[in-house]
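Written below as structure tokens is the structure these notes are about.
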Amino acid sequence: MDIASAPVGSPERCCCQLPKMGDTWSQLPWPGPPHPAVLLVSLLLAAGMMRSDAGTSCPVLCTCHNQVVDCSSQRLPVPPDLPKDTRNLSLAHNRIASVPPGYLTCYMELRVLDLRNNSLVELPPGLFLHAKRLAHLDLSYNNLSHVPADMFQAAHGLVHIDLSHNPWLRRVHPQAFQGLVQLRDLDLSYGGLAFLSLEALEGLPGLVTLQIGGFKPWQCGGISFPLSLLQPLTIPGFCVADSQLAECRGPPEVEGAPLFSLTEESFKACHLTLTLDDYLFIAFVGFVVSIASVATNFLLGITANCCHRWSKASEEEEI
């Protein structure tokens with residue numbers, strides 16, 4: 001396979017072997033001592049090869065310094081090649097709509113990844129398989145709609161995850177954060193979430209800060225929102241940085257109440273409330289029953305009329 005045509009993040013692209021400096025010298029066609037100009041060109045060529053071999057080339061429109069690559073605010077797609085020793089990568093404030101599968105395969109030293117303020121709808125499965133040292137991940141201000149079970153697969157070193165300001169974020173899989181035992185800060189604020197499974201947080205022994213406040217009220221019923229019963233008892237040292245912002249949307253008994261002010265006692269007086277779907281179903285059943293009743297009465301009327309005519313005709317025949 002041609003190395004240049006290999007997909008971004010593929011092993012062929014990561015593990016290409018360039019000619020060694022000694023091989024380059026041996027291939028130069030001079031019979032005697034090299035000319036100074038030829039020597040200078042050869043040294044420059046060898047330096048370029050060593051530079052590429054070390055993986056320190058910087059993408060166009062990006063700045064690279066001390067293993068920090070800044071490609072932010074350039075209206076760029078995902079840059080295809082980065083220095084292999086990159087530790088801090090900023091792709092913020094661009095127009096990135098998708099990340100290629102395997103994009104992080106070559107960057108084993110990556111510690112910080114900033115993808116905020118882009119147009120991401122989802123991330124490819126297994127994106128973080130080789131990013132085992134990744135500690136800080138910022139996905140805020142995107143268009144993510146859900147957090148699947150395998151989103152952070154193998155990224156067990158994550159300490160901070162920011163998923164805030166994703167207005168279309170409606171669902172977090174119960175096993176989305178499975179295995180992230182070092183996670184301390186999780187930001188889910190200002191999104192579209194109205195429900196969060198308790199199971200999604202049970203496997204996070206190191207969690208210190210959870211932010212869930214924001215635009216959308218939460219469904220706080222004892223069955224549909226067990227997080228209100230979580231509190232610091234299950235997660236040592238657990239606190240909520242924006243508990244004053246998170247308010248309940250329902251049921252009516254606790255509407256408008258601060259989310260984490262609720263206790264188990266808050267739900268003892270809850271009664272069954274019907275939703276719009278329930279009312280529509282009842283109306284539909286009533287309509288069907290009414291039609292069936294009218295049809296039954298119509299058939300009974302026709303049957304009675306026929307019987308009456310048959311009885312009258314029988315009497316006339318007897319006379």
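So you can find residues: chains in the structure tokens are A, B, ... in the order shown, residues in each start at 1, and ligands are numbered from 1 in order.
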Could you list, as a PyMOL selection string, every residue within 12 Å of A:Gln74, counting only C-alpha atoms and ignoring same-chain residues fewer than 2 positions away?
chain A and resi 59-63+70-72+76-79+90-96+118
*asked:* as an MDAnalysis selection string, please: the residues near A:Leu139 (cut-off 7 Å, only C-alpha atoms, same-chain neighbours under 4 positions excluded).
replied: chainID A and resid 114:116 162:163
| In Å to one decimal, how far is atom CA of A:Glu199 from atom CA of A:Trp168? |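 Atom CA of A:Glu199 lies at a distance of 21.7 Å from atom CA of A:Trp168.
Shortest separation to A:Ser57 among A:Val181, A:Leu137, A:Leu193, A:Leu82 occurs at residue A:Leu82, atoms counted being only C-alpha atoms.
Here the question is which of A:Lys312, A:Gln153, A:Asp185, A:Ala97 gets nearest to A:Asp138 using only C-alpha atoms, and that residue is A:Asp185.
In the backbone-derived DSSP annotation, strand (DSSP E or B) within stretch 94-144 of chain A comprises Val112, Leu113, Asp114, His136, Leu137 and Asp138 of chain A.
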Find the residues near A:Val147: any atom within 12 Å, counting only C-alpha atoms, skip ones fewer than 6 places away on the same chain, and give them as number ranges by chain. A: 121-125, 139, 153, 161, 163, 166, 168-178, 188, 193, 196, 200
Keeping only N, CA, C and O atoms, write the selected residues to a file as a CSV table (one decimal), in the first residue's frame.
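Produced file selection_25.csv, reproduced below:
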```
chain,number,residue,atom,x,y,z
A,121,VAL,N,-21.5,15.5,15.7
A,121,VAL,CA,-22.8,14.9,16.0
A,121,VAL,C,-22.5,13.6,16.7
A,121,VAL,O,-23.3,13.2,17.6
A,122,GLU,N,-21.4,12.9,16.4
A,122,GLU,CA,-21.0,11.7,17.1
A,122,GLU,C,-19.5,11.5,16.9
A,122,GLU,O,-18.9,12.1,16.0
A,123,LEU,N,-19.0,10.5,17.6
A,123,LEU,CA,-17.6,10.2,17.5
A,123,LEU,C,-17.5,8.7,17.0
A,123,LEU,O,-18.4,7.9,17.4
A,124,PRO,N,-16.5,8.4,16.2
A,124,PRO,CA,-16.4,7.0,15.7
A,124,PRO,C,-16.1,6.0,16.8
A,124,PRO,O,-15.4,6.4,17.7
A,125,PRO,N,-16.7,4.8,16.7
A,125,PRO,CA,-16.4,3.8,17.8
A,125,PRO,C,-14.9,3.5,17.9
A,125,PRO,O,-14.2,3.5,16.9
A,139,LEU,N,-15.5,18.2,24.9
A,139,LEU,CA,-16.4,18.0,23.7
A,139,LEU,C,-17.6,19.0,23.9
A,139,LEU,O,-18.6,18.8,23.3
A,153,GLN,N,-14.2,3.9,25.3
A,153,GLN,CA,-13.6,2.6,25.5
A,153,GLN,C,-12.1,2.7,25.5
A,153,GLN,O,-11.4,3.3,24.7
A,161,ILE,N,-14.0,15.2,31.8
A,161,ILE,CA,-14.8,15.1,30.6
A,161,ILE,C,-15.8,16.2,30.6
A,161,ILE,O,-16.6,16.4,31.5
A,163,LEU,N,-18.9,17.6,28.5
A,163,LEU,CA,-19.9,17.4,27.5
A,163,LEU,C,-21.0,18.5,27.6
A,163,LEU,O,-22.1,18.3,27.1
A,166,ASN,N,-24.2,20.8,24.8
A,166,ASN,CA,-24.6,20.0,23.6
A,166,ASN,C,-26.2,20.0,23.6
A,166,ASN,O,-26.7,19.1,24.3
A,168,TRP,N,-28.5,19.0,21.8
A,168,TRP,CA,-29.3,17.8,21.3
A,168,TRP,C,-28.9,16.6,22.1
A,168,TRP,O,-29.4,15.5,21.7
A,169,LEU,N,-28.2,16.7,23.2
A,169,LEU,CA,-27.8,15.5,23.9
A,169,LEU,C,-29.0,15.1,24.8
A,169,LEU,O,-29.4,15.7,25.7
A,170,ARG,N,-29.6,13.9,24.4
A,170,ARG,CA,-30.8,13.4,25.0
A,170,ARG,C,-30.6,12.2,25.8
A,170,ARG,O,-31.4,11.9,26.7
A,171,ARG,N,-29.5,11.4,25.5
A,171,ARG,CA,-29.4,10.1,26.2
A,171,ARG,C,-27.9,9.8,26.5
A,171,ARG,O,-27.0,10.1,25.7
A,172,VAL,N,-27.7,9.3,27.7
A,172,VAL,CA,-26.4,8.8,28.1
A,172,VAL,C,-26.6,7.3,28.5
A,172,VAL,O,-27.3,7.0,29.3
A,173,HIS,N,-25.9,6.5,27.7
A,173,HIS,CA,-26.0,5.0,28.0
A,173,HIS,C,-25.6,4.7,29.4
A,173,HIS,O,-24.6,5.3,29.9
A,174,PRO,N,-26.3,3.8,30.0
A,174,PRO,CA,-25.9,3.4,31.4
A,174,PRO,C,-24.5,3.0,31.6
A,174,PRO,O,-23.9,3.1,32.7
A,175,GLN,N,-23.8,2.5,30.5
A,175,GLN,CA,-22.4,2.0,30.6
A,175,GLN,C,-21.5,2.9,29.8
A,175,GLN,O,-20.4,2.5,29.5
A,176,ALA,N,-21.9,4.2,29.6
A,176,ALA,CA,-21.1,5.1,28.9
A,176,ALA,C,-19.8,5.4,29.5
A,176,ALA,O,-18.7,5.6,28.9
A,177,PHE,N,-19.7,5.4,30.9
A,177,PHE,CA,-18.5,5.8,31.6
A,177,PHE,C,-17.9,4.6,32.3
A,177,PHE,O,-17.1,4.8,33.2
A,178,GLN,N,-18.2,3.4,31.8
A,178,GLN,CA,-17.7,2.2,32.5
A,178,GLN,C,-16.2,2.1,32.4
A,178,GLN,O,-15.6,2.3,31.3
A,188,LEU,N,-22.1,17.7,32.4
A,188,LEU,CA,-23.2,17.4,31.5
A,188,LEU,C,-24.2,18.5,31.4
A,188,LEU,O,-25.4,18.4,31.0
A,193,LEU,N,-30.5,16.8,28.3
A,193,LEU,CA,-30.8,15.7,29.2
A,193,LEU,C,-31.9,16.0,30.2
A,193,LEU,O,-31.9,17.1,30.7
A,196,LEU,N,-31.0,10.8,33.8
A,196,LEU,CA,-29.7,10.2,33.9
A,196,LEU,C,-29.7,8.9,34.8
A,196,LEU,O,-30.2,9.0,35.9
A,200,ALA,N,-25.1,4.8,35.3
A,200,ALA,CA,-24.1,5.5,34.6
A,200,ALA,C,-23.0,6.1,35.6
A,200,ALA,O,-21.9,6.3,35.1
```
Determine, counting only C-alpha atoms, which protein, DNA and RNA residues have an atom within 10 Å of an atom of A:Pro167; residues of the same chain fewer than 2 positions away are not included. Present the result as a ChimeraX atom specification. /A:140-145,164-165,169-170,189-193,214-216
Selection above as a file: all heavy atoms, as a tab-separated table (two decimals), in the first residue's frame:
```tsv
chain	number	residue	atom	x	y	z
A	140	SER	N	-17.40	20.08	24.59
A	140	SER	CA	-18.48	21.03	24.80
A	140	SER	C	-18.77	21.83	23.53
A	140	SER	O	-17.95	21.91	22.62
A	140	SER	CB	-18.13	21.99	25.95
A	140	SER	OG	-16.94	22.70	25.66
A	141	TYR	N	-19.97	22.42	23.49
A	141	TYR	CA	-20.40	23.26	22.37
A	141	TYR	C	-20.33	22.51	21.04
A	141	TYR	O	-19.77	22.99	20.06
A	141	TYR	CB	-19.56	24.54	22.30
A	141	TYR	CG	-19.78	25.47	23.48
A	141	TYR	CD1	-18.95	25.40	24.60
A	141	TYR	CD2	-20.83	26.39	23.48
A	141	TYR	CE1	-19.16	26.25	25.68
A	141	TYR	CE2	-21.03	27.23	24.56
A	141	TYR	CZ	-20.20	27.15	25.67
A	141	TYR	OH	-20.40	27.99	26.74
A	142	ASN	N	-20.90	21.30	21.02
A	142	ASN	CA	-21.04	20.54	19.79
A	142	ASN	C	-22.50	20.16	19.60
A	142	ASN	O	-23.39	20.74	20.25
A	142	ASN	CB	-20.13	19.31	19.83
A	142	ASN	CG	-18.69	19.63	19.45
A	142	ASN	OD1	-18.37	19.79	18.28
A	142	ASN	ND2	-17.81	19.73	20.44
A	143	ASN	N	-22.76	19.20	18.73
A	143	ASN	CA	-24.13	18.76	18.46
A	143	ASN	C	-24.31	17.28	18.77
A	143	ASN	O	-25.09	16.59	18.10
A	143	ASN	CB	-24.50	19.04	17.00
A	143	ASN	CG	-24.49	20.52	16.67
A	143	ASN	OD1	-24.94	21.34	17.47
A	143	ASN	ND2	-23.96	20.88	15.51
A	144	LEU	N	-23.61	16.79	19.78
A	144	LEU	CA	-23.74	15.38	20.15
A	144	LEU	C	-25.16	15.10	20.60
A	144	LEU	O	-25.75	15.87	21.37
A	144	LEU	CB	-22.75	15.04	21.26
A	144	LEU	CG	-21.26	15.20	20.91
A	144	LEU	CD1	-20.41	14.98	22.16
A	144	LEU	CD2	-20.86	14.24	19.81
A	145	SER	N	-25.71	13.97	20.16
A	145	SER	CA	-27.09	13.61	20.51
A	145	SER	C	-27.16	12.52	21.57
A	145	SER	O	-28.16	12.41	22.26
A	145	SER	CB	-27.85	13.16	19.25
A	145	SER	OG	-27.21	12.04	18.65
A	164	SER	N	-20.67	19.59	28.16
A	164	SER	CA	-21.66	20.64	28.35
A	164	SER	C	-22.00	21.34	27.03
A	164	SER	O	-21.27	21.24	26.05
A	164	SER	CB	-21.15	21.67	29.35
A	164	SER	OG	-20.00	22.34	28.83
A	165	HIS	N	-23.14	22.04	27.05
A	165	HIS	CA	-23.58	22.85	25.91
A	165	HIS	C	-23.68	22.02	24.62
A	165	HIS	O	-23.27	22.47	23.56
A	165	HIS	CB	-22.66	24.04	25.72
A	165	HIS	CG	-22.71	25.03	26.85
A	165	HIS	ND1	-21.88	24.90	27.96
A	165	HIS	CD2	-23.46	26.12	27.07
A	165	HIS	CE1	-22.13	25.88	28.80
A	165	HIS	NE2	-23.09	26.63	28.31
A	169	LEU	N	-28.15	16.70	23.15
A	169	LEU	CA	-27.78	15.52	23.94
A	169	LEU	C	-28.98	15.06	24.76
A	169	LEU	O	-29.37	15.70	25.74
A	169	LEU	CB	-26.60	15.85	24.86
A	169	LEU	CG	-26.03	14.69	25.66
A	169	LEU	CD1	-25.55	13.57	24.75
A	169	LEU	CD2	-24.90	15.16	26.56
A	170	ARG	N	-29.57	13.92	24.36
A	170	ARG	CA	-30.79	13.43	24.99
A	170	ARG	C	-30.57	12.17	25.84
A	170	ARG	O	-31.37	11.89	26.70
A	170	ARG	CB	-31.84	13.10	23.92
A	170	ARG	CG	-32.31	14.29	23.09
A	170	ARG	CD	-33.22	15.20	23.90
A	170	ARG	NE	-33.84	16.21	23.06
A	170	ARG	CZ	-33.34	17.42	22.85
A	170	ARG	NH1	-32.18	17.75	23.43
A	170	ARG	NH2	-33.95	18.31	22.09
A	189	SER	N	-23.81	19.72	31.84
A	189	SER	CA	-24.73	20.85	31.99
A	189	SER	C	-25.09	21.47	30.64
A	189	SER	O	-24.41	21.27	29.63
A	189	SER	CB	-24.10	21.91	32.89
A	189	SER	OG	-22.89	22.40	32.32
A	190	TYR	N	-26.19	22.22	30.66
A	190	TYR	CA	-26.66	22.97	29.50
A	190	TYR	C	-26.80	22.10	28.25
A	190	TYR	O	-26.34	22.46	27.17
A	190	TYR	CB	-25.74	24.17	29.23
A	190	TYR	CG	-25.79	25.20	30.33
A	190	TYR	CD1	-24.84	25.19	31.36
A	190	TYR	CD2	-26.80	26.14	30.37
A	190	TYR	CE1	-24.90	26.12	32.40
A	190	TYR	CE2	-26.87	27.07	31.40
A	190	TYR	CZ	-25.92	27.05	32.41
A	190	TYR	OH	-25.99	27.95	33.43
A	191	GLY	N	-27.41	20.95	28.42
A	191	GLY	CA	-27.70	20.06	27.29
A	191	GLY	C	-29.18	19.76	27.24
A	191	GLY	O	-30.01	20.50	27.77
A	192	GLY	N	-29.52	18.66	26.58
A	192	GLY	CA	-30.92	18.27	26.44
A	192	GLY	C	-31.32	17.15	27.36
A	192	GLY	O	-32.41	16.59	27.23
A	193	LEU	N	-30.47	16.79	28.32
A	193	LEU	CA	-30.77	15.67	29.21
A	193	LEU	C	-31.91	16.02	30.16
A	193	LEU	O	-31.94	17.11	30.75
A	193	LEU	CB	-29.55	15.28	30.03
A	193	LEU	CG	-28.46	14.47	29.33
A	193	LEU	CD1	-27.30	14.25	30.30
A	193	LEU	CD2	-29.00	13.12	28.88
A	214	GLY	N	-28.73	23.60	33.90
A	214	GLY	CA	-28.79	24.20	32.58
A	214	GLY	C	-30.18	24.49	32.12
A	214	GLY	O	-31.10	24.72	32.91
A	215	PHE	N	-30.36	24.43	30.79
A	215	PHE	CA	-31.60	24.90	30.19
A	215	PHE	C	-32.79	23.99	30.46
A	215	PHE	O	-33.88	24.45	30.69
A	215	PHE	CB	-31.41	25.03	28.67
A	215	PHE	CG	-30.28	25.94	28.28
A	215	PHE	CD1	-29.27	25.48	27.47
A	215	PHE	CD2	-30.23	27.23	28.75
A	215	PHE	CE1	-28.23	26.33	27.11
A	215	PHE	CE2	-29.19	28.08	28.40
A	215	PHE	CZ	-28.20	27.62	27.57
A	216	LYS	N	-32.60	22.70	30.42
A	216	LYS	CA	-33.73	21.77	30.41
A	216	LYS	C	-34.06	21.29	31.82
A	216	LYS	O	-33.18	20.80	32.52
A	216	LYS	CB	-33.40	20.56	29.52
A	216	LYS	CG	-34.61	19.68	29.24
A	216	LYS	CD	-34.23	18.59	28.26
A	216	LYS	CE	-35.41	17.67	27.96
A	216	LYS	NZ	-36.48	18.36	27.25
```
Q.
Between atom CA of A:Thr209 and atom CA of A:Arg184, what distance in Å does the model show, to one decimal?
A.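 For atom CA of A:Thr209 relative to atom CA of A:Arg184, the distance reads 6.3 Å.
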Between atom CA of A:Leu198 and atom CA of A:Gln182 lies a distance of 18.1 Å
With distances taken over only C-alpha atoms, the candidate from A:Ala154, A:Leu120, A:Leu110, A:Ala283 nearest A:Arg133 is A:Leu110
Mind checking which residues fall within 12 Å of A:Cys58, counting only C-alpha atoms, ignoring those fewer than 3 positions away in the same chain, and posting them as a list in words?
Arg51, Ser52, Ala54, Gly55, Leu61, Cys62, Thr63, Cys64, His65, Asn66, Gln67, Val68, Val69, Asp70, Cys71, Pro79, Pro80, Asp81, Leu82, Pro83, Lys84, Asp85, Thr86 and Leu89 of chain A
Given the selection you just returned, output its residues as a file containing N, CA and C atoms, formatted as a PDB file, in the first residue's frame.
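Written output follows (out-v9.pdb):
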```
ATOM      1  N   ARG A  51      13.859  14.690  10.805  1.00  0.00           N
ATOM      2  CA  ARG A  51      12.730  15.460  11.326  1.00  0.00           C
ATOM      3  C   ARG A  51      11.426  14.711  11.101  1.00  0.00           C
ATOM      4  N   SER A  52      11.246  14.166   9.895  1.00  0.00           N
ATOM      5  CA  SER A  52      10.024  13.424   9.592  1.00  0.00           C
ATOM      6  C   SER A  52       9.966  12.139  10.382  1.00  0.00           C
ATOM      7  N   ALA A  54      11.153  11.564  13.258  1.00  0.00           N
ATOM      8  CA  ALA A  54      10.812  11.838  14.649  1.00  0.00           C
ATOM      9  C   ALA A  54       9.368  12.251  14.807  1.00  0.00           C
ATOM     10  N   GLY A  55       8.690  12.518  13.687  1.00  0.00           N
ATOM     11  CA  GLY A  55       7.278  12.856  13.754  1.00  0.00           C
ATOM     12  C   GLY A  55       7.045  14.241  14.317  1.00  0.00           C
ATOM     13  N   LEU A  61      -1.098  25.948   9.123  1.00  0.00           N
ATOM     14  CA  LEU A  61      -1.991  26.821   9.891  1.00  0.00           C
ATOM     15  C   LEU A  61      -2.054  26.462  11.377  1.00  0.00           C
ATOM     16  N   CYS A  62      -1.248  25.513  11.813  1.00  0.00           N
ATOM     17  CA  CYS A  62      -1.189  25.156  13.229  1.00  0.00           C
ATOM     18  C   CYS A  62       0.142  25.633  13.812  1.00  0.00           C
ATOM     19  N   THR A  63       0.194  25.751  15.124  1.00  0.00           N
ATOM     20  CA  THR A  63       1.442  26.065  15.808  1.00  0.00           C
ATOM     21  C   THR A  63       1.821  24.897  16.707  1.00  0.00           C
ATOM     22  N   CYS A  64       3.096  24.566  16.723  1.00  0.00           N
ATOM     23  CA  CYS A  64       3.586  23.430  17.500  1.00  0.00           C
ATOM     24  C   CYS A  64       4.773  23.872  18.346  1.00  0.00           C
ATOM     25  N   HIS A  65       4.674  23.590  19.636  1.00  0.00           N
ATOM     26  CA  HIS A  65       5.765  23.962  20.543  1.00  0.00           C
ATOM     27  C   HIS A  65       5.690  23.092  21.794  1.00  0.00           C
ATOM     28  N   ASN A  66       6.798  22.472  22.124  1.00  0.00           N
ATOM     29  CA  ASN A  66       6.897  21.654  23.338  1.00  0.00           C
ATOM     30  C   ASN A  66       5.750  20.642  23.451  1.00  0.00           C
ATOM     31  N   GLN A  67       5.519  19.905  22.370  1.00  0.00           N
ATOM     32  CA  GLN A  67       4.514  18.841  22.317  1.00  0.00           C
ATOM     33  C   GLN A  67       3.082  19.364  22.443  1.00  0.00           C
ATOM     34  N   VAL A  68       2.905  20.671  22.225  1.00  0.00           N
ATOM     35  CA  VAL A  68       1.575  21.283  22.205  1.00  0.00           C
ATOM     36  C   VAL A  68       1.265  21.691  20.776  1.00  0.00           C
ATOM     37  N   VAL A  69       0.169  21.181  20.231  1.00  0.00           N
ATOM     38  CA  VAL A  69      -0.255  21.499  18.868  1.00  0.00           C
ATOM     39  C   VAL A  69      -1.560  22.279  18.944  1.00  0.00           C
ATOM     40  N   ASP A  70      -1.535  23.503  18.451  1.00  0.00           N
ATOM     41  CA  ASP A  70      -2.701  24.377  18.497  1.00  0.00           C
ATOM     42  C   ASP A  70      -3.197  24.643  17.084  1.00  0.00           C
ATOM     43  N   CYS A  71      -4.338  24.043  16.749  1.00  0.00           N
ATOM     44  CA  CYS A  71      -4.967  24.251  15.443  1.00  0.00           C
ATOM     45  C   CYS A  71      -6.325  24.932  15.611  1.00  0.00           C
ATOM     46  N   PRO A  79      -6.834  17.983  10.931  1.00  0.00           N
ATOM     47  CA  PRO A  79      -5.543  17.916  10.224  1.00  0.00           C
ATOM     48  C   PRO A  79      -5.090  16.469  10.082  1.00  0.00           C
ATOM     49  N   PRO A  80      -4.599  16.072   8.913  1.00  0.00           N
ATOM     50  CA  PRO A  80      -4.298  14.659   8.666  1.00  0.00           C
ATOM     51  C   PRO A  80      -3.065  14.136   9.388  1.00  0.00           C
ATOM     52  N   ASP A  81      -2.054  14.964   9.585  1.00  0.00           N
ATOM     53  CA  ASP A  81      -0.801  14.494  10.192  1.00  0.00           C
ATOM     54  C   ASP A  81      -0.381  15.430  11.303  1.00  0.00           C
ATOM     55  N   LEU A  82      -0.044  14.854  12.444  1.00  0.00           N
ATOM     56  CA  LEU A  82       0.421  15.616  13.594  1.00  0.00           C
ATOM     57  C   LEU A  82       1.747  15.037  14.069  1.00  0.00           C
ATOM     58  N   PRO A  83       2.509  15.801  14.824  1.00  0.00           N
ATOM     59  CA  PRO A  83       3.706  15.213  15.438  1.00  0.00           C
ATOM     60  C   PRO A  83       3.316  14.027  16.307  1.00  0.00           C
ATOM     61  N   LYS A  84       4.050  12.937  16.184  1.00  0.00           N
ATOM     62  CA  LYS A  84       3.690  11.703  16.878  1.00  0.00           C
ATOM     63  C   LYS A  84       3.818  11.818  18.391  1.00  0.00           C
ATOM     64  N   ASP A  85       4.584  12.814  18.872  1.00  0.00           N
ATOM     65  CA  ASP A  85       4.756  12.955  20.316  1.00  0.00           C
ATOM     66  C   ASP A  85       3.822  14.007  20.912  1.00  0.00           C
ATOM     67  N   THR A  86       2.770  14.369  20.189  1.00  0.00           N
ATOM     68  CA  THR A  86       1.831  15.393  20.665  1.00  0.00           C
ATOM     69  C   THR A  86       1.210  14.992  21.999  1.00  0.00           C
ATOM     70  N   LEU A  89      -3.452  18.666  22.271  1.00  0.00           N
ATOM     71  CA  LEU A  89      -3.965  18.961  20.933  1.00  0.00           C
ATOM     72  C   LEU A  89      -5.240  19.783  21.050  1.00  0.00           C
TER      73      LEU A  89
END
```
